[in-house]
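A.B. asks: Pasting a structure here, questions to come.
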Amino acid sequence: MQQALLFDDLVARPEPLREKKDVQYLPLVAKTILNSCNTCRMPNAVTLNPYRGCEFGCAYCYARYTHEFMELPWEHFERRIFIKNTAPEILLRTLDVKKLRGKHVAIGSATDPYQPAEARFLVTRRLLEIFAQVRGLTITVTTKSALVKRDIDLFRRVAEQNDFRINISLISLNTQLLRALEPKSSTPEARLLALKSLTEAGVRAGILLMPIIPGLTDSDRTLESVVRAAAAHGAGYVHGRVLFLRDSAKKSFYEFLKRSAPDLYARYSRIYGRRAYTCDEYQREILSKVKKLKDKYNLNNGDAEVEPYEMVDQTGNLFENRCDAIEL
């Protein structure tokens, strides 16, 4: 298969860089680190993911399919984390600022750049130190980790000469629900405090209310609680989008439903079937609610880089996001 060629330079039976209970950190040798991605979900974007796999283990994560390309089961996505330790050196060698101007550099489009591995390996910080040396780029970092506060000093340096912002992912304030959905991610309180720290330090930041999960996080009360909390903690924007499910993500998420919300399992089988998306009518209804809440809390600022997220998915085309799989 052609896709297998993308991983020819993956170290055969690599020696673990570090191990802890149920998690193994392994080296991943990459040829390139920036990947062009021009889809309806991320138009005119360049993606950058310092890690492959994510220890947060979100039940709905679409990026689980990337482990299948390496002939690993989707269950290993949060257990075998591949570290792109040479990514900063590759970026320094290949970065062409002129070609990136007018594009959106999205750090953390597939896996969280501030997942637990970052505390030890510092790949994300080393990459940002390089971006701090250039000017004129549009750069976003997306995370659901409170570790992001560690690099506030660096964010301010990057933002001095670039259009820079931090997207904090938060879909509910229900700690118990998020512990089941996103087992090792930071608590809602920790994320909101991180958001407040960022904005008080002058770093532009906001909330990505993604994914909005039918039957779990789509109630009026849940949506408003997140938007209200975002405004109270200094968010400059909020953007929402309804859950989509790839085949591998569907396996993981359905297992979660069977364990934690069995009454919803049959409903999801009807709603999604073989599709990746819910019906257009439902998506329009939810996004309309989000827009009204953003108006209510004065968070309906236009953002050309993120607004494409807030569109109705009609095609159900699973290939539109595969750009995150081909960075090597």
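Residue names in the structure tokens use chain letters A, B, ... in the order shown, residue numbers from 1 in each chain, and ligand numbers from 1 in the order shown.
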For Gly215 in chain A, please output as a ChimeraX atom specification all residues within 10 Å (counting only C-alpha atoms; exclusion window: fewer than 5 positions along the same chain).
C.D. replies: /A:261,264,267-268
A.B. asks: Store the residues picked out above, limited to N, CA and C atoms, as a short mmCIF file (atom, residue, chain, number, x, y, z; two decimals), in the first residue's frame.
C.D. replies:
```cif
data_model
loop_
_atom_site.label_atom_id
_atom_site.label_comp_id
_atom_site.auth_asym_id
_atom_site.auth_seq_id
_atom_site.Cartn_x
_atom_site.Cartn_y
_atom_site.Cartn_z
N ALA A 261 -22.99 5.06 28.65
CA ALA A 261 -24.32 5.58 28.29
C ALA A 261 -25.00 4.60 27.34
N LEU A 264 -27.78 5.46 24.90
CA LEU A 264 -27.49 6.26 23.71
C LEU A 264 -26.93 5.43 22.56
N ARG A 267 -29.28 4.83 19.73
CA ARG A 267 -29.59 6.11 19.10
C ARG A 267 -28.48 6.52 18.14
N TYR A 268 -27.24 6.33 18.56
CA TYR A 268 -26.11 6.70 17.70
C TYR A 268 -26.04 5.82 16.46
#
```
A.B. asks: Quick check for you: according to DSSP on this backbone, which residues of range 75-299 of chain A are classed as helix (DSSP H, G or I)? Reply as a PyMOL selection string.
C.D. replies: chain A and resi 75-78+87-94+97-100+116-121+123-131+146-161+175-181+188-200+220-232+247-260+262-272+280-296
A.B. asks: Using CA of Arg165 in chain A and CA of Val242 in chain A as the two end points, give the distance in Å to one decimal.
C.D. replies: 22.3 Å
A.B. asks: Applying 6 Å and only C-alpha atoms, which residues near range 141-143 of chain A remain after dropping the ones on its own chain fewer than 4 positions away? List them as JSON, numbers by chain.
C.D. replies: {"A": [107, 108, 112, 166, 167, 168, 169]}
A.B. asks: Could you save the residues just selected, with N, CA and C atoms, as a tab-separated table (two decimals), in the first residue's frame?
C.D. replies:
```
chain	number	residue	atom	x	y	z
A	107	ILE	N	-0.89	24.19	15.10
A	107	ILE	CA	-0.12	23.27	15.94
A	107	ILE	C	-1.09	22.52	16.85
A	108	GLY	N	-1.10	21.19	16.70
A	108	GLY	CA	-2.02	20.38	17.49
A	108	GLY	C	-3.32	20.10	16.78
A	112	ASP	N	-2.68	16.40	20.89
A	112	ASP	CA	-2.48	17.55	21.76
A	112	ASP	C	-0.99	17.84	21.95
A	166	ILE	N	-4.08	30.96	21.27
A	166	ILE	CA	-4.20	29.64	21.89
A	166	ILE	C	-5.67	29.26	21.91
A	167	ASN	N	-5.99	28.09	21.36
A	167	ASN	CA	-7.33	27.54	21.42
A	167	ASN	C	-7.40	26.52	22.55
A	168	ILE	N	-8.23	26.79	23.55
A	168	ILE	CA	-8.45	25.82	24.63
A	168	ILE	C	-9.70	25.02	24.28
A	169	SER	N	-9.55	23.72	24.18
A	169	SER	CA	-10.68	22.85	23.87
A	169	SER	C	-11.45	22.53	25.14
```
A.B. asks: Just want the 12 Å neighbourhood of His76 in chain A, counted on only C-alpha atoms, with same-chain residues fewer than 2 positions away dropped. Output as a list in words.
C.D. replies: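 Here the answer would be Asp22, Val23, Gln24, Tyr25, Arg52, Gly53, Cys54, Glu55, Phe56, Gly57, Ala63, Arg64, Tyr65, Thr66, His67, Glu68, Met70, Glu71, Leu72, Pro73, Trp74, Glu78, Arg79, Arg80, Ile81, Phe82, Ser248 and Ser252 of chain A.
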A.B. asks: Emit the selected residues as a PDB file, in the first residue's frame, including C-alpha atoms.
C.D. replies:
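In the end it all went to result38.pdb:
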```pdb
ATOM      1  CA  ASP A  22       0.270   1.472  30.438  1.00  0.00           C
ATOM      2  CA  VAL A  23       2.158   4.063  28.334  1.00  0.00           C
ATOM      3  CA  GLN A  24       5.238   3.702  26.169  1.00  0.00           C
ATOM      4  CA  TYR A  25       7.091   6.646  24.586  1.00  0.00           C
ATOM      5  CA  ARG A  52       1.728  10.915  17.148  1.00  0.00           C
ATOM      6  CA  GLY A  53      -0.769   9.375  19.530  1.00  0.00           C
ATOM      7  CA  CYS A  54      -2.202  11.172  22.528  1.00  0.00           C
ATOM      8  CA  GLU A  55      -2.226  10.097  26.149  1.00  0.00           C
ATOM      9  CA  PHE A  56      -5.438  12.000  26.878  1.00  0.00           C
ATOM     10  CA  GLY A  57      -7.310   9.126  25.216  1.00  0.00           C
ATOM     11  CA  ALA A  63      -6.922  10.900  14.815  1.00  0.00           C
ATOM     12  CA  ARG A  64      -6.928   7.311  16.093  1.00  0.00           C
ATOM     13  CA  TYR A  65      -6.776   6.140  12.500  1.00  0.00           C
ATOM     14  CA  THR A  66      -3.160   7.351  12.260  1.00  0.00           C
ATOM     15  CA  HIS A  67      -2.000   4.442  14.417  1.00  0.00           C
ATOM     16  CA  GLU A  68      -3.713   2.022  12.055  1.00  0.00           C
ATOM     17  CA  MET A  70       1.451   1.825  11.409  1.00  0.00           C
ATOM     18  CA  GLU A  71      -0.407  -1.468  11.775  1.00  0.00           C
ATOM     19  CA  LEU A  72      -1.210  -0.722  15.396  1.00  0.00           C
ATOM     20  CA  PRO A  73      -4.698  -1.207  16.854  1.00  0.00           C
ATOM     21  CA  TRP A  74      -6.690   1.941  17.569  1.00  0.00           C
ATOM     22  CA  GLU A  78      -3.130   6.568  23.997  1.00  0.00           C
ATOM     23  CA  ARG A  79      -0.698   3.814  25.027  1.00  0.00           C
ATOM     24  CA  ARG A  80       2.083   4.161  22.458  1.00  0.00           C
ATOM     25  CA  ILE A  81       3.085   7.791  22.025  1.00  0.00           C
ATOM     26  CA  PHE A  82       5.559   8.544  19.250  1.00  0.00           C
ATOM     27  CA  SER A 248     -11.698   4.090  14.179  1.00  0.00           C
ATOM     28  CA  SER A 252     -13.727   3.853  20.356  1.00  0.00           C
TER      29      SER A 252
END
```
A.B. asks: Find the distance between CA of Leu91 in chain A and CA of Ala159 in chain A and write it in Å to one decimal.
C.D. replies: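 Straight-line distance from CA of Leu91 in chain A to CA of Ala159 in chain A works out to 18.5 Å.
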A.B. asks: Hey, which of A:Tyr62, A:Phe77, A:Tyr114, A:Tyr282 ends up closest to Asp218 in chain A? Count only C-alpha atoms.
C.D. replies: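 So, comparing all the options, the nearest one is A:Tyr282.
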A.B. asks: One decimal, Å: what's the distance from CA of Leu154 in chain A over to CA of Lys103 in chain A, could you say?
C.D. replies: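 Those two atoms sit 21.4 Å apart.
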